[in-house]
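Colleague: Could you have a look at this structure, given as structure tokens, before my questions?
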Amino acid sequence: HVQLVESGGGSVQTGGSLRLSCAVSGYTYNSYCMGWFRQAPGKEREAVAARDRDGSLTYTDSVKGRFTTGKDMAKNILYLRMNNLKVEDTAMYFCAAGPQCWVRTDYWGQGTQVTVS
């Protein structure tokens, strides 16, 4: 049974930082591409960052240079480090896993809210 559980969301001021974590269980970590999506009220869900099975990283243009994703090998956690946060980063953030980054996603976490003001 695959489970993805996010944590680390919260409220911060513009320019602040947050670190989201996604605890992974139920499958071998490198079986899937893992990534982060977000959805703001009234907007479509968008891909934010992804880590493919070969370790390659991909980011949407609006977060390049500010967000970093990676995995904590010891804890089997995917993280998203977010620096220099902007109001437009406010959204529900979801961890996801699937066979093809950003194209096909089979598993989703429950989401964690990030609010920047």
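Every chain in the structure tokens takes a letter, A first, then B, and so on in the order presented; its residues are numbered from 1, and the ligands are numbered from 1 following the presented order.
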May I have the residues within 7 Å of Ala49 of chain A as an MDAnalysis selection string, using only C-alpha atoms and disregarding those fewer than 6 positions away in the same chain?

Modeller: chainID A and resid 35:36 58:60 69

Colleague: Create the file for the chosen residues now, containing N, CA, C and O atoms and written as a short mmCIF file (atom, residue, chain, number, x, y, z; two decimals), in the first residue's frame.

Modeller:
```
data_model
loop_
_atom_site.label_atom_id
_atom_site.label_comp_id
_atom_site.auth_asym_id
_atom_site.auth_seq_id
_atom_site.Cartn_x
_atom_site.Cartn_y
_atom_site.Cartn_z
N GLY A 35 7.61 13.99 -7.11
CA GLY A 35 7.61 15.43 -7.30
C GLY A 35 6.61 16.16 -6.44
O GLY A 35 5.93 15.57 -5.60
N TRP A 36 6.55 17.45 -6.69
CA TRP A 36 5.66 18.35 -5.96
C TRP A 36 4.77 19.11 -6.95
O TRP A 36 5.25 19.60 -7.97
N THR A 58 13.98 18.66 -11.92
CA THR A 58 13.29 19.58 -12.83
C THR A 58 12.45 20.54 -12.01
O THR A 58 11.84 20.15 -11.02
N TYR A 59 12.43 21.81 -12.44
CA TYR A 59 11.66 22.84 -11.74
C TYR A 59 10.86 23.66 -12.74
O TYR A 59 11.33 23.93 -13.85
N THR A 60 9.70 24.10 -12.32
CA THR A 60 8.97 25.05 -13.14
C THR A 60 9.69 26.40 -13.07
O THR A 60 10.36 26.71 -12.08
N THR A 69 14.50 20.55 -4.46
CA THR A 69 13.95 19.28 -4.02
C THR A 69 15.03 18.22 -4.00
O THR A 69 16.05 18.35 -4.68
#
```

Colleague: Write out as a Markdown table a residue-level contact list of segment 20-107 of chain A versus segment 1-7 of chain A with cut-off 10 Å: for each qualifying residue the closest pair of atoms and the distance in Å to one decimal, counting only C-alpha atoms, rows sorted by chain and residue number upward.

Modeller:
```
| residue | atom | partner | partner_atom | distance |
| --- | --- | --- | --- | --- |
| A:Leu20 | CA | A:Ser7 | CA | 5.8 |
| A:Ser21 | CA | A:Ser7 | CA | 5.3 |
| A:Cys22 | CA | A:Glu6 | CA | 4.3 |
| A:Ala23 | CA | A:Val5 | CA | 5.1 |
| A:Val24 | CA | A:Leu4 | CA | 5.0 |
| A:Ser25 | CA | A:Gln3 | CA | 5.2 |
| A:Gly26 | CA | A:Val2 | CA | 4.2 |
| A:Tyr27 | CA | A:Val2 | CA | 6.2 |
| A:Thr28 | CA | A:Val2 | CA | 9.7 |
| A:Ile77 | CA | A:Leu4 | CA | 9.4 |
| A:Leu78 | CA | A:Glu6 | CA | 9.1 |
| A:Tyr79 | CA | A:Glu6 | CA | 9.1 |
| A:Tyr93 | CA | A:Glu6 | CA | 8.4 |
| A:Phe94 | CA | A:Glu6 | CA | 7.2 |
| A:Cys95 | CA | A:Glu6 | CA | 6.6 |
| A:Ala96 | CA | A:Leu4 | CA | 7.3 |
| A:Ala97 | CA | A:Leu4 | CA | 8.4 |
| A:Asp106 | CA | A:Val2 | CA | 9.8 |
| A:Tyr107 | CA | A:Val2 | CA | 7.4 |
```

Colleague: Restricted to N, CA, C and O atoms, what would the selected residues look like written as a short mmCIF file (atom, residue, chain, number, x, y, z; two decimals), in the first residue's frame?

Modeller:
```cif
data_model
loop_
_atom_site.label_atom_id
_atom_site.label_comp_id
_atom_site.auth_asym_id
_atom_site.auth_seq_id
_atom_site.Cartn_x
_atom_site.Cartn_y
_atom_site.Cartn_z
N LEU A 20 9.21 21.62 3.14
CA LEU A 20 8.18 20.60 3.14
C LEU A 20 8.82 19.22 3.08
O LEU A 20 9.88 19.05 2.46
N SER A 21 8.19 18.27 3.73
CA SER A 21 8.67 16.89 3.70
C SER A 21 7.55 15.97 3.22
O SER A 21 6.37 16.22 3.49
N CYS A 22 7.95 14.91 2.54
CA CYS A 22 7.01 13.90 2.08
C CYS A 22 7.55 12.54 2.50
O CYS A 22 8.57 12.08 1.96
N ALA A 23 6.89 11.94 3.47
CA ALA A 23 7.30 10.62 3.94
C ALA A 23 6.74 9.56 2.99
O ALA A 23 5.54 9.55 2.71
N VAL A 24 7.61 8.67 2.55
CA VAL A 24 7.26 7.68 1.53
C VAL A 24 7.24 6.29 2.15
O VAL A 24 8.18 5.90 2.84
N SER A 25 6.20 5.54 1.88
CA SER A 25 6.16 4.16 2.34
C SER A 25 5.38 3.31 1.34
O SER A 25 4.59 3.82 0.56
N GLY A 26 5.65 2.02 1.34
CA GLY A 26 4.88 1.10 0.53
C GLY A 26 5.50 0.72 -0.80
O GLY A 26 4.96 -0.12 -1.52
N TYR A 27 6.63 1.34 -1.17
CA TYR A 27 7.29 0.95 -2.41
C TYR A 27 8.75 1.38 -2.35
O TYR A 27 9.13 2.21 -1.53
N THR A 28 9.54 0.81 -3.25
CA THR A 28 10.95 1.18 -3.34
C THR A 28 11.07 2.60 -3.87
O THR A 28 10.47 2.94 -4.88
N ILE A 77 12.57 10.23 2.74
CA ILE A 77 11.74 11.42 2.64
C ILE A 77 12.15 12.23 1.43
O ILE A 77 13.33 12.42 1.17
N LEU A 78 11.15 12.72 0.71
CA LEU A 78 11.37 13.71 -0.34
C LEU A 78 11.12 15.08 0.29
O LEU A 78 10.12 15.26 0.97
N TYR A 79 12.01 16.03 0.07
CA TYR A 79 11.80 17.34 0.67
C TYR A 79 11.69 18.41 -0.42
O TYR A 79 12.09 18.21 -1.56
N TYR A 93 0.17 22.37 -1.32
CA TYR A 93 1.26 21.66 -1.96
C TYR A 93 1.07 20.15 -1.76
O TYR A 93 0.81 19.69 -0.65
N PHE A 94 1.24 19.42 -2.86
CA PHE A 94 1.03 17.98 -2.86
C PHE A 94 2.30 17.26 -3.29
O PHE A 94 2.95 17.65 -4.25
N CYS A 95 2.60 16.19 -2.59
CA CYS A 95 3.64 15.27 -3.00
C CYS A 95 3.00 14.22 -3.92
O CYS A 95 1.84 13.82 -3.70
N ALA A 96 3.75 13.76 -4.91
CA ALA A 96 3.18 12.82 -5.87
C ALA A 96 4.24 11.87 -6.39
O ALA A 96 5.43 12.19 -6.38
N ALA A 97 3.80 10.72 -6.88
CA ALA A 97 4.72 9.73 -7.44
C ALA A 97 4.06 9.06 -8.64
O ALA A 97 2.85 8.82 -8.65
N ASP A 106 0.53 8.48 -10.28
CA ASP A 106 -0.33 7.42 -9.77
C ASP A 106 -0.71 7.61 -8.31
O ASP A 106 -1.74 7.08 -7.86
N TYR A 107 0.13 8.30 -7.56
CA TYR A 107 -0.09 8.41 -6.12
C TYR A 107 0.04 9.86 -5.68
O TYR A 107 0.92 10.60 -6.16
#
```

Colleague: Using DSSP on the backbone, list every residue of chain A that comes out as strand (DSSP E), and give them as an MDAnalysis selection string.

Modeller: chainID A and resid 3:7 10:12 18:25 33:39 46:51 57:59 67:72 77:82 91:98 107:108 112:116

Colleague: Of the candidates A:Trp108, A:Trp102, A:Phe37, A:Phe67, which one gets nearest to Leu18 of chain A if we count only C-alpha atoms?

Modeller: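 Nearest candidate to Leu18 of chain A out of A:Trp108, A:Trp102, A:Phe37, A:Phe67: A:Phe67.
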
Colleague: May I have the residues within 10 Å of Arg45 of chain A as an mmCIF file with N, CA and C atoms, in the first residue's frame, using only C-alpha atoms and disregarding those fewer than 3 positions away in the same chain?

Modeller:
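Writing the result to around_12.cif gives the following:
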```cif
data_model
loop_
_atom_site.group_PDB
_atom_site.id
_atom_site.type_symbol
_atom_site.label_atom_id
_atom_site.label_comp_id
_atom_site.auth_asym_id
_atom_site.auth_seq_id
_atom_site.Cartn_x
_atom_site.Cartn_y
_atom_site.Cartn_z
ATOM 1 N N PHE A 37 3.510 19.201 -6.584
ATOM 2 C CA PHE A 37 2.540 20.007 -7.310
ATOM 3 C C PHE A 37 1.938 20.993 -6.321
ATOM 4 N N ARG A 38 1.306 22.021 -6.846
ATOM 5 C CA ARG A 38 0.586 22.952 -5.981
ATOM 6 C C ARG A 38 -0.677 23.410 -6.671
ATOM 7 N N GLN A 39 -1.638 23.812 -5.838
ATOM 8 C CA GLN A 39 -2.892 24.327 -6.364
ATOM 9 C C GLN A 39 -3.367 25.476 -5.499
ATOM 10 N N ALA A 40 -3.500 26.626 -6.112
ATOM 11 C CA ALA A 40 -4.016 27.798 -5.438
ATOM 12 C C ALA A 40 -5.523 27.883 -5.665
ATOM 13 N N PRO A 41 -6.242 28.565 -4.786
ATOM 14 C CA PRO A 41 -7.696 28.688 -4.943
ATOM 15 C C PRO A 41 -8.079 29.272 -6.298
ATOM 16 N N GLY A 42 -8.973 28.590 -6.980
ATOM 17 C CA GLY A 42 -9.443 29.073 -8.274
ATOM 18 C C GLY A 42 -8.506 28.821 -9.426
ATOM 19 N N VAL A 48 5.534 21.711 -9.793
ATOM 20 C CA VAL A 48 6.505 22.629 -9.201
ATOM 21 C C VAL A 48 7.928 22.103 -9.349
ATOM 22 N N ALA A 91 -0.440 28.311 -1.777
ATOM 23 C CA ALA A 91 -1.169 27.210 -2.410
ATOM 24 C C ALA A 91 -1.162 26.002 -1.484
ATOM 25 N N MET A 92 -1.954 25.003 -1.851
ATOM 26 C CA MET A 92 -1.854 23.694 -1.233
ATOM 27 C C MET A 92 -0.799 22.928 -2.025
ATOM 28 N N TYR A 93 0.174 22.368 -1.317
ATOM 29 C CA TYR A 93 1.263 21.655 -1.958
ATOM 30 C C TYR A 93 1.069 20.151 -1.761
ATOM 31 N N PHE A 94 1.236 19.420 -2.859
ATOM 32 C CA PHE A 94 1.035 17.976 -2.856
ATOM 33 C C PHE A 94 2.303 17.255 -3.288
#
```

Colleague: Would you please give, as a ChimeraX atom specification, all residues of chain A that DSSP assigns to helix (DSSP H, G or I) based on the backbone?

Modeller: /A:29-31,61-63,87-89

Colleague: Generate the output file for the selected residues, N, CA and C atoms, as a PDB file, in the first residue's frame.

Modeller:
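Final file, part-v8.pdb:
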```
ATOM      1  N   TYR A  29      11.848   3.375  -3.184  1.00  0.00           N
ATOM      2  CA  TYR A  29      11.918   4.816  -3.459  1.00  0.00           C
ATOM      3  C   TYR A  29      12.190   5.116  -4.929  1.00  0.00           C
ATOM      4  N   ASN A  30      13.102   4.415  -5.533  1.00  0.00           N
ATOM      5  CA  ASN A  30      13.496   4.744  -6.904  1.00  0.00           C
ATOM      6  C   ASN A  30      12.637   4.047  -7.950  1.00  0.00           C
ATOM      7  N   SER A  31      11.471   3.559  -7.553  1.00  0.00           N
ATOM      8  CA  SER A  31      10.570   2.935  -8.523  1.00  0.00           C
ATOM      9  C   SER A  31       9.817   3.965  -9.344  1.00  0.00           C
ATOM     10  N   ASP A  61       9.566  27.192 -14.113  1.00  0.00           N
ATOM     11  CA  ASP A  61      10.360  28.416 -14.226  1.00  0.00           C
ATOM     12  C   ASP A  61      10.162  29.364 -13.036  1.00  0.00           C
ATOM     13  N   SER A  62       8.960  29.452 -12.523  1.00  0.00           N
ATOM     14  CA  SER A  62       8.676  30.446 -11.489  1.00  0.00           C
ATOM     15  C   SER A  62       9.364  30.160 -10.159  1.00  0.00           C
ATOM     16  N   VAL A  63       9.876  28.954  -9.962  1.00  0.00           N
ATOM     17  CA  VAL A  63      10.528  28.632  -8.694  1.00  0.00           C
ATOM     18  C   VAL A  63      12.023  28.364  -8.846  1.00  0.00           C
ATOM     19  N   VAL A  87       4.125  35.950  -2.416  1.00  0.00           N
ATOM     20  CA  VAL A  87       2.687  35.805  -2.208  1.00  0.00           C
ATOM     21  C   VAL A  87       2.100  34.810  -3.201  1.00  0.00           C
ATOM     22  N   GLU A  88       2.602  34.838  -4.426  1.00  0.00           N
ATOM     23  CA  GLU A  88       2.078  33.949  -5.471  1.00  0.00           C
ATOM     24  C   GLU A  88       2.443  32.483  -5.260  1.00  0.00           C
ATOM     25  N   ASP A  89       3.276  32.186  -4.257  1.00  0.00           N
ATOM     26  CA  ASP A  89       3.574  30.793  -3.909  1.00  0.00           C
ATOM     27  C   ASP A  89       2.500  30.199  -3.002  1.00  0.00           C
TER      28      ASP A  89
END
```

Colleague: Find the residue from A:Cys33, A:Glu44, A:Val12, A:Arg51 that sits nearest to Gln100 of chain A; use only C-alpha atoms when measuring.

Modeller: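 For Gln100 of chain A, the nearest of the given residues is A:Cys33.
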
Colleague: Can you pull out the residues contacting Gly9 of chain A? Cut-off 6 Å, using only C-alpha atoms, and skip same-chain residues under 4 positions away; I want them as a VMD selection string.

Modeller: chain A and resid 112 to 114

Colleague: Output N, CA, C and O atoms for every residue in the selection just made, as a CSV table (one decimal), in the first residue's frame.

Modeller:
```
chain,number,residue,atom,x,y,z
A,112,THR,N,-0.4,19.9,1.9
A,112,THR,CA,0.0,20.7,3.1
A,112,THR,C,-0.1,22.2,2.6
A,112,THR,O,0.4,22.5,1.5
A,113,GLN,N,-0.7,23.0,3.4
A,113,GLN,CA,-1.0,24.4,3.0
A,113,GLN,C,0.2,25.3,3.3
A,113,GLN,O,0.8,25.3,4.3
A,114,VAL,N,0.6,26.1,2.3
A,114,VAL,CA,1.6,27.1,2.4
A,114,VAL,C,0.9,28.5,2.1
A,114,VAL,O,0.3,28.7,1.1
```

Colleague: Please report the interatomic distance between atom CA of Met34 of chain A and atom CA of Gln13 of chain A in Å with one decimal.

Modeller: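 Taking atom CA of Met34 of chain A and atom CA of Gln13 of chain A, their separation equals 27.8 Å.
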
Colleague: Can you tell me how far atom CA of Thr68 of chain A sits from atom CA of Arg81 of chain A, in Å to one decimal?

Modeller: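 Computed distance, atom CA of Thr68 of chain A to atom CA of Arg81 of chain A, equals 5.0 Å.
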